[in-house]
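Participant: See run_20.cif below, with mmCIF, C-alpha atoms.
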data_my_file
#
loop_
_atom_site.group_PDB
_atom_site.id
_atom_site.type_symbol
_atom_site.label_atom_id
_atom_site.label_comp_id
_atom_site.auth_asym_id
_atom_site.auth_seq_id
_atom_site.Cartn_x
_atom_site.Cartn_y
_atom_site.Cartn_z
ATOM 1 C CA MET A 1 64.552 33.812 53.265
ATOM 2 C CA LEU A 2 62.879 33.619 49.897
ATOM 3 C CA THR A 3 59.848 35.406 48.543
ATOM 4 C CA ASP A 4 56.945 33.516 47.045
ATOM 5 C CA THR A 5 56.466 33.307 43.313
ATOM 6 C CA PRO A 6 53.945 35.981 42.282
ATOM 7 C CA PRO A 7 50.485 34.498 41.615
ATOM 8 C CA ARG A 8 49.226 34.379 38.040
ATOM 9 C CA LYS A 9 45.566 35.284 38.636
ATOM 10 C CA LYS A 10 45.119 39.026 38.140
ATOM 11 C CA VAL A 11 43.213 39.703 41.382
ATOM 12 C CA ASN A 12 45.769 37.766 43.452
ATOM 13 C CA HIS A 13 48.684 39.286 41.530
ATOM 14 C CA GLU A 14 47.467 42.819 42.307
ATOM 15 C CA ALA A 15 47.082 41.979 46.013
ATOM 16 C CA PHE A 16 50.537 40.374 45.956
ATOM 17 C CA LEU A 17 51.999 43.592 44.528
ATOM 18 C CA ASP A 18 50.176 45.619 47.211
ATOM 19 C CA SER A 19 51.845 43.445 49.869
ATOM 20 C CA GLU A 20 55.152 43.855 48.068
ATOM 21 C CA ARG A 21 54.875 47.667 48.211
ATOM 22 C CA LEU A 22 53.704 47.889 51.842
ATOM 23 C CA GLU A 23 56.947 48.043 53.835
ATOM 24 C CA THR A 24 55.786 49.959 56.912
ATOM 25 C CA LEU A 25 53.915 48.942 60.004
ATOM 26 C CA PRO A 26 52.737 51.197 62.835
ATOM 27 C CA LEU A 27 54.461 50.316 66.097
ATOM 28 C CA PRO A 28 53.448 50.985 69.705
ATOM 29 C CA SER A 29 54.967 54.165 71.096
ATOM 30 C CA ASP A 30 55.710 52.428 74.383
ATOM 31 C CA GLN A 31 57.923 49.461 75.251
ATOM 32 C CA ARG A 32 55.218 46.944 76.187
ATOM 33 C CA LEU A 33 56.187 44.486 73.444
ATOM 34 C CA ALA A 34 59.867 44.797 74.367
ATOM 35 C CA ALA A 35 59.038 44.054 78.010
ATOM 36 C CA LEU A 36 57.063 40.980 76.991
ATOM 37 C CA ALA A 37 59.888 39.873 74.698
ATOM 38 C CA THR A 38 62.222 40.036 77.705
ATOM 39 C CA THR A 39 59.794 37.795 79.586
ATOM 40 C CA ILE A 40 59.955 35.288 76.723
ATOM 41 C CA GLU A 41 63.762 35.401 76.792
ATOM 42 C CA THR A 42 63.873 34.836 80.566
ATOM 43 C CA ALA A 43 61.538 31.840 80.315
ATOM 44 C CA MET A 44 63.620 30.391 77.474
ATOM 45 C CA LYS A 45 66.823 30.672 79.517
ATOM 46 C CA ALA A 46 65.097 28.673 82.256
ATOM 47 C CA GLY A 47 63.995 26.079 79.679
ATOM 48 C CA ALA A 48 60.424 26.387 80.942
ATOM 49 C CA SER A 49 58.159 25.653 77.968
ATOM 50 C CA GLN A 50 54.925 26.468 79.823
ATOM 51 C CA GLU A 51 56.302 29.853 80.843
ATOM 52 C CA VAL A 52 57.525 30.476 77.285
ATOM 53 C CA ALA A 53 54.045 29.635 75.980
ATOM 54 C CA ALA A 54 52.404 31.968 78.522
ATOM 55 C CA ALA A 55 54.801 34.803 77.640
ATOM 56 C CA CYS A 56 54.268 34.265 73.890
ATOM 57 C CA ASP A 57 50.513 34.276 74.476
ATOM 58 C CA GLU A 58 50.724 37.586 76.350
ATOM 59 C CA PHE A 59 52.947 39.046 73.602
ATOM 60 C CA LEU A 60 50.415 38.046 70.928
ATOM 61 C CA ARG A 61 47.420 39.312 72.930
ATOM 62 C CA THR A 62 49.122 42.668 73.432
ATOM 63 C CA ALA A 63 50.050 42.913 69.747
ATOM 64 C CA ALA A 64 46.519 41.923 68.658
ATOM 65 C CA ASP A 65 45.045 44.595 70.949
ATOM 66 C CA PHE A 66 47.395 47.238 69.548
ATOM 67 C CA TYR A 67 46.606 46.333 65.934
ATOM 68 C CA ARG A 68 42.888 45.836 66.671
ATOM 69 C CA VAL A 69 42.723 42.365 65.192
ATOM 70 C CA PRO A 70 41.156 39.215 66.653
ATOM 71 C CA GLN A 71 43.181 37.364 69.252
ATOM 72 C CA CYS A 72 45.179 34.391 68.040
ATOM 73 C CA ALA A 73 46.302 31.382 70.018
ATOM 74 C CA VAL A 74 49.847 30.059 70.286
ATOM 75 C CA ARG A 75 51.345 26.650 70.880
ATOM 76 C CA VAL A 76 54.996 26.366 71.826
ATOM 77 C CA LEU A 77 56.130 22.906 70.765
ATOM 78 C CA ALA A 78 59.277 20.905 71.419
ATOM 79 C CA SER A 79 61.675 20.026 68.561
ATOM 80 C CA ARG A 80 61.265 21.540 65.114
ATOM 81 C CA PRO A 81 60.078 19.172 62.397
ATOM 82 C CA LEU A 82 62.848 18.167 60.016
ATOM 83 C CA ARG A 83 62.083 17.355 56.395
ATOM 84 C CA ILE A 84 64.801 15.482 54.547
ATOM 85 C CA ARG A 85 64.724 15.211 50.773
ATOM 86 C CA GLU A 86 67.238 13.890 48.300
ATOM 87 C CA ARG A 87 68.860 17.291 47.725
ATOM 88 C CA SER A 88 67.762 19.334 50.709
ATOM 89 C CA THR A 89 66.902 19.399 54.371
ATOM 90 C CA THR A 90 64.503 21.925 55.848
ATOM 91 C CA GLU A 91 63.295 22.758 59.334
ATOM 92 C CA LEU A 92 59.921 24.263 60.173
ATOM 93 C CA PHE A 93 60.356 27.115 62.647
ATOM 94 C CA GLY A 94 56.693 28.073 62.919
ATOM 95 C CA ASP A 95 53.383 28.310 61.102
ATOM 96 C CA TYR A 96 50.052 30.108 61.167
ATOM 97 C CA HIS A 97 46.634 28.624 60.420
ATOM 98 C CA PRO A 98 44.202 31.393 59.395
ATOM 99 C CA GLU A 99 41.078 29.250 59.867
ATOM 100 C CA THR A 100 41.845 28.531 63.524
ATOM 101 C CA LYS A 101 43.946 31.666 64.191
ATOM 102 C CA LEU A 102 46.626 29.406 65.669
ATOM 103 C CA ILE A 103 50.344 30.128 65.634
ATOM 104 C CA ARG A 104 52.761 27.291 66.322
ATOM 105 C CA VAL A 105 56.428 27.846 67.141
ATOM 106 C CA TRP A 106 59.063 25.269 68.012
ATOM 107 C CA MET A 107 61.326 25.861 70.988
ATOM 108 C CA ARG A 108 64.035 23.294 70.256
ATOM 109 C CA THR A 109 66.303 22.615 67.301
ATOM 110 C CA ALA A 110 65.510 19.667 65.058
ATOM 111 C CA VAL A 111 68.713 17.646 65.288
ATOM 112 C CA ARG A 112 70.389 18.381 68.625
ATOM 113 C CA LYS A 113 67.146 19.212 70.486
ATOM 114 C CA ASP A 114 68.804 22.283 72.036
ATOM 115 C CA ILE A 115 66.705 25.264 73.047
ATOM 116 C CA THR A 116 66.654 27.606 70.079
ATOM 117 C CA SER A 117 68.030 31.097 70.372
ATOM 118 C CA PHE A 118 65.764 33.814 71.706
ATOM 119 C CA GLY A 119 66.197 35.829 68.498
ATOM 120 C CA THR A 120 65.087 32.895 66.350
ATOM 121 C CA LEU A 121 61.978 32.226 68.426
ATOM 122 C CA LEU A 122 61.024 35.920 68.620
ATOM 123 C CA SER A 123 61.611 36.382 64.887
ATOM 124 C CA THR A 124 59.402 33.374 64.151
ATOM 125 C CA LEU A 125 56.675 34.625 66.491
ATOM 126 C CA CYS A 126 56.710 38.066 64.819
ATOM 127 C CA HIS A 127 56.721 36.468 61.353
ATOM 128 C CA GLU A 128 53.672 34.320 62.110
ATOM 129 C CA PHE A 129 51.869 37.227 63.781
ATOM 130 C CA CYS A 130 52.412 39.296 60.626
ATOM 131 C CA HIS A 131 50.624 36.552 58.670
ATOM 132 C CA HIS A 132 47.750 36.976 61.145
ATOM 133 C CA LEU A 133 47.824 40.742 60.543
ATOM 134 C CA ASP A 134 47.739 40.271 56.772
ATOM 135 C CA PHE A 135 44.603 38.157 57.032
ATOM 136 C CA HIS A 136 42.756 40.380 59.491
ATOM 137 C CA ARG A 137 43.925 43.957 59.094
ATOM 138 C CA LEU A 138 45.254 44.467 55.624
ATOM 139 C CA PRO A 139 43.097 44.461 52.501
ATOM 140 C CA PHE A 140 44.864 41.411 51.033
ATOM 141 C CA ARG A 141 42.842 38.678 52.760
ATOM 142 C CA ASN A 142 45.827 36.511 52.038
ATOM 143 C CA SER A 143 49.417 36.494 53.186
ATOM 144 C CA TRP A 144 52.366 36.060 50.896
ATOM 145 C CA HIS A 145 56.081 36.095 51.583
ATOM 146 C CA THR A 146 56.834 39.312 49.720
ATOM 147 C CA ARG A 147 59.683 41.739 50.256
ATOM 148 C CA GLY A 148 57.169 44.059 51.926
ATOM 149 C CA PHE A 149 56.003 41.266 54.247
ATOM 150 C CA TYR A 150 59.562 40.534 55.364
ATOM 151 C CA GLN A 151 60.225 44.240 55.964
ATOM 152 C CA ARG A 152 57.047 44.570 58.067
ATOM 153 C CA THR A 153 58.084 41.504 60.041
ATOM 154 C CA ALA A 154 61.564 42.959 60.588
ATOM 155 C CA LEU A 155 60.081 46.206 61.909
ATOM 156 C CA LEU A 156 57.983 44.347 64.485
ATOM 157 C CA TYR A 157 60.887 42.092 65.467
ATOM 158 C CA HIS A 158 63.403 44.897 65.946
ATOM 159 C CA HIS A 159 60.860 46.983 67.859
ATOM 160 C CA ALA A 160 60.155 44.071 70.213
ATOM 161 C CA LYS A 161 63.828 43.206 70.594
ATOM 162 C CA GLY A 162 64.906 46.826 70.987
ATOM 163 C CA THR A 163 67.515 46.607 68.227
ATOM 164 C CA PRO A 164 68.165 48.905 65.241
ATOM 165 C CA VAL A 165 66.190 48.071 62.121
ATOM 166 C CA LYS A 166 68.143 46.783 59.144
ATOM 167 C CA THR A 167 67.213 47.640 55.586
ATOM 168 C CA LEU A 168 66.823 44.288 53.847
ATOM 169 C CA VAL A 169 68.941 43.949 50.706
ATOM 170 C CA TRP A 170 67.435 41.692 48.059
ATOM 171 C CA ILE A 171 68.871 39.635 45.198
ATOM 172 C CA PRO A 172 66.615 38.434 42.342
ATOM 173 C CA ILE A 173 66.676 34.671 41.850
ATOM 174 C CA GLY A 174 64.292 34.306 38.897
ATOM 175 C CA ARG A 175 60.574 33.814 38.184
ATOM 176 C CA GLY A 176 59.780 36.964 40.184
ATOM 177 C CA ARG A 177 61.360 35.615 43.373
ATOM 178 C CA TRP A 178 63.939 37.258 45.615
ATOM 179 C CA ARG A 179 66.239 36.218 48.447
ATOM 180 C CA ILE A 180 67.823 38.298 51.185
ATOM 181 C CA ASP A 181 71.515 39.064 50.838
ATOM 182 C CA TRP A 182 72.409 38.733 54.533
ATOM 183 C CA ARG A 183 76.008 39.862 54.132
ATOM 184 C CA ARG A 184 74.960 43.218 52.668
ATOM 185 C CA THR A 185 71.881 43.487 54.914
ATOM 186 C CA ASN A 186 73.939 43.099 58.085
ATOM 187 C CA ARG A 187 76.105 46.054 57.063
ATOM 188 C CA ARG A 188 73.161 48.464 56.650
ATOM 189 C CA ARG A 189 70.851 50.075 59.194
ATOM 190 C CA LEU A 190 67.841 52.353 58.874
ATOM 191 C CA ASP A 191 68.273 55.798 60.382
#
Could you render the structure as structure tokens?
Facilitator:
Amino acid sequence: MLTDTPPRKKVNHEAFLDSERLETLPLPSDQRLAALATTIETAMKAGASQEVAAACDEFLRTAADFYRVPQCAVRVLASRPLRIRERSTTELFGDYHPETKLIRVWMRTAVRKDITSFGTLLSTLCHEFCHHLDFHRLPFRNSWHTRGFYQRTALLYHHAKGTPVKTLVWIPIGRGRWRIDWRRTNRRRLD
């Protein structure tokens, strides 16, 4: 995971830095999101895309209610799009369209067409929902991939999955961008 390059315009740069600094996210005190995540996992194991879509929809409606933001729609699609370039290959795991408030996630891998792992789908769903939150709840009125954004996403994901939160360890890669050092991250946990 890489952060975005900081914007050059002063007003956007300040909002970008605000997103960078905001690493916390209030979480429900109950286990409703975890219960809905289990429903998503069960539907995925059955390979039932309509049931996965319904469970993802319920997860997003519950999260939107908790955060007091407008509802967003979800589409669970088949195989992830694969983009092949001369020096790289990338897969699209999900996206969010702020104008339509639509989240799209892909349930199958790009090459082998296997059902993706539950953790990957849930992480993607939480990631895209955090974009929705940025646009509707936070003062940014934009949503960048900042270190703060990724930490907020991780908090929501680990809460929903019922796993300990990891402190993300970052490595600078130039031009104001960072990447996660997964080896070091996987060794650390928040208390």
Participant: Mind telling me what the PyMOL selection byres ((chain A and resi 53) around 12) catches here, as a PDB file with C-alpha atoms, keeping the file's coordinate frame?
Facilitator:
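This is the output file result.pdb:
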ATOM      1  CA  LEU A  36      57.063  40.980  76.991  1.00  0.00           C
ATOM      2  CA  ALA A  37      59.888  39.873  74.698  1.00  0.00           C
ATOM      3  CA  THR A  39      59.794  37.795  79.586  1.00  0.00           C
ATOM      4  CA  ILE A  40      59.955  35.288  76.723  1.00  0.00           C
ATOM      5  CA  GLU A  41      63.762  35.401  76.792  1.00  0.00           C
ATOM      6  CA  ALA A  43      61.538  31.840  80.315  1.00  0.00           C
ATOM      7  CA  MET A  44      63.620  30.391  77.474  1.00  0.00           C
ATOM      8  CA  GLY A  47      63.995  26.079  79.679  1.00  0.00           C
ATOM      9  CA  ALA A  48      60.424  26.387  80.942  1.00  0.00           C
ATOM     10  CA  SER A  49      58.159  25.653  77.968  1.00  0.00           C
ATOM     11  CA  GLN A  50      54.925  26.468  79.823  1.00  0.00           C
ATOM     12  CA  GLU A  51      56.302  29.853  80.843  1.00  0.00           C
ATOM     13  CA  VAL A  52      57.525  30.476  77.285  1.00  0.00           C
ATOM     14  CA  ALA A  54      52.404  31.968  78.522  1.00  0.00           C
ATOM     15  CA  ALA A  55      54.801  34.803  77.640  1.00  0.00           C
ATOM     16  CA  CYS A  56      54.268  34.265  73.890  1.00  0.00           C
ATOM     17  CA  ASP A  57      50.513  34.276  74.476  1.00  0.00           C
ATOM     18  CA  GLU A  58      50.724  37.586  76.350  1.00  0.00           C
ATOM     19  CA  PHE A  59      52.947  39.046  73.602  1.00  0.00           C
ATOM     20  CA  LEU A  60      50.415  38.046  70.928  1.00  0.00           C
ATOM     21  CA  ALA A  73      46.302  31.382  70.018  1.00  0.00           C
ATOM     22  CA  VAL A  74      49.847  30.059  70.286  1.00  0.00           C
ATOM     23  CA  ARG A  75      51.345  26.650  70.880  1.00  0.00           C
ATOM     24  CA  VAL A  76      54.996  26.366  71.826  1.00  0.00           C
ATOM     25  CA  LEU A  77      56.130  22.906  70.765  1.00  0.00           C
ATOM     26  CA  ALA A  78      59.277  20.905  71.419  1.00  0.00           C
ATOM     27  CA  ILE A 103      50.344  30.128  65.634  1.00  0.00           C
ATOM     28  CA  ARG A 104      52.761  27.291  66.322  1.00  0.00           C
ATOM     29  CA  VAL A 105      56.428  27.846  67.141  1.00  0.00           C
ATOM     30  CA  TRP A 106      59.063  25.269  68.012  1.00  0.00           C
ATOM     31  CA  MET A 107      61.326  25.861  70.988  1.00  0.00           C
ATOM     32  CA  LEU A 121      61.978  32.226  68.426  1.00  0.00           C
ATOM     33  CA  LEU A 122      61.024  35.920  68.620  1.00  0.00           C
ATOM     34  CA  LEU A 125      56.675  34.625  66.491  1.00  0.00           C
TER      35      LEU A 125
END
Participant: Expanded to explicit residues, what is the PyMOL selection byres ((chain A and resi 136) around 12) for this file, as a list in words?
Facilitator: Ala64, Tyr67, Arg68, Val69, Pro70, Gln71, Cys72, Pro98, Glu99, Lys101, Phe129, Cys130, His131, His132, Leu133, Asp134, Phe135, Arg137, Leu138, Pro139, Phe140, Arg141, Asn142 and Ser143 of chain A
Participant: So that I can check the surroundings of Val165 of chain A, please list as a list of chain:residue names every protein, DNA and RNA residue that reaches within 12 Å of it, counting all atoms listed in the file and ignoring chain neighbours fewer than 4 positions away.
Facilitator: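 My reading of the contact set: A:Thr24, A:Gln151, A:Arg152, A:Thr153, A:Ala154, A:Leu155, A:Leu156, A:Tyr157, A:His158, A:His159, A:Ala160, A:Lys161, A:Thr185, A:Asn186, A:Arg187, A:Arg188, A:Arg189, A:Leu190, A:Asp191.
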Participant: Atom CA of Ser123 of chain A and atom CA of His13 of chain A, how far apart in Å?
Facilitator: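 Between atom CA of His13 of chain A and atom CA of Ser123 of chain A the gap works out to 26.9 Å.
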Participant: Tell me, as a count of residues only, which residues lie within 6 Å of segment 176-178 of chain A, counting all atoms listed in the file; anything in the same chain fewer than 5 positions away does not count.
Facilitator: 4
Participant: Just how far from atom CA of Thr109 of chain A is atom CA of Ser88 of chain A, in Å to one decimal?
Facilitator: 17.0 Å
Participant: Report, in Å to a single decimal, how far apart atom CA of Ser79 of chain A and atom CA of Asp114 of chain A are.
Facilitator: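 Separating atom CA of Asp114 of chain A from atom CA of Ser79 of chain A is a distance of 8.2 Å.
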Participant: Using only C-alpha atoms, which of A:Ala63, A:Phe118, A:Thr38, A:Trp170 sits nearest Pro26 of chain A?
Facilitator: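 Using only C-alpha atoms, Pro26 of chain A sits closest to A:Ala63.
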Participant: With a distance cut-off of 8 Å and all atoms listed in the file, select the neighbouring residues of Ser19 of chain A, excluding the residue or stretch itself and same-chain residues fewer than 4 positions from it, and output the selection as a ChimeraX atom specification.
Facilitator: /A:15,23,140,144,146,148-149
Participant: Can you work out which one of A:His145, A:Arg21, A:Arg184, A:Arg179 has the shortest atom-to-atom distance to Pro7 of chain A, counting all atoms listed in the file?
Facilitator: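 Ranking A:His145, A:Arg21, A:Arg184, A:Arg179 by distance to Pro7 of chain A, first place goes to A:His145.
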Participant: How big is the axis-aligned box around the listed atoms of segment 165-168 of chain A once 5 Å is added on each side, and where is its centre? Give both in Å to one decimal, as AutoDock Vina command-line options.
Facilitator:
--center_x 67.2 --center_y 46.2 --center_z 58.0 --size_x 12.0 --size_y 13.8 --size_z 18.3
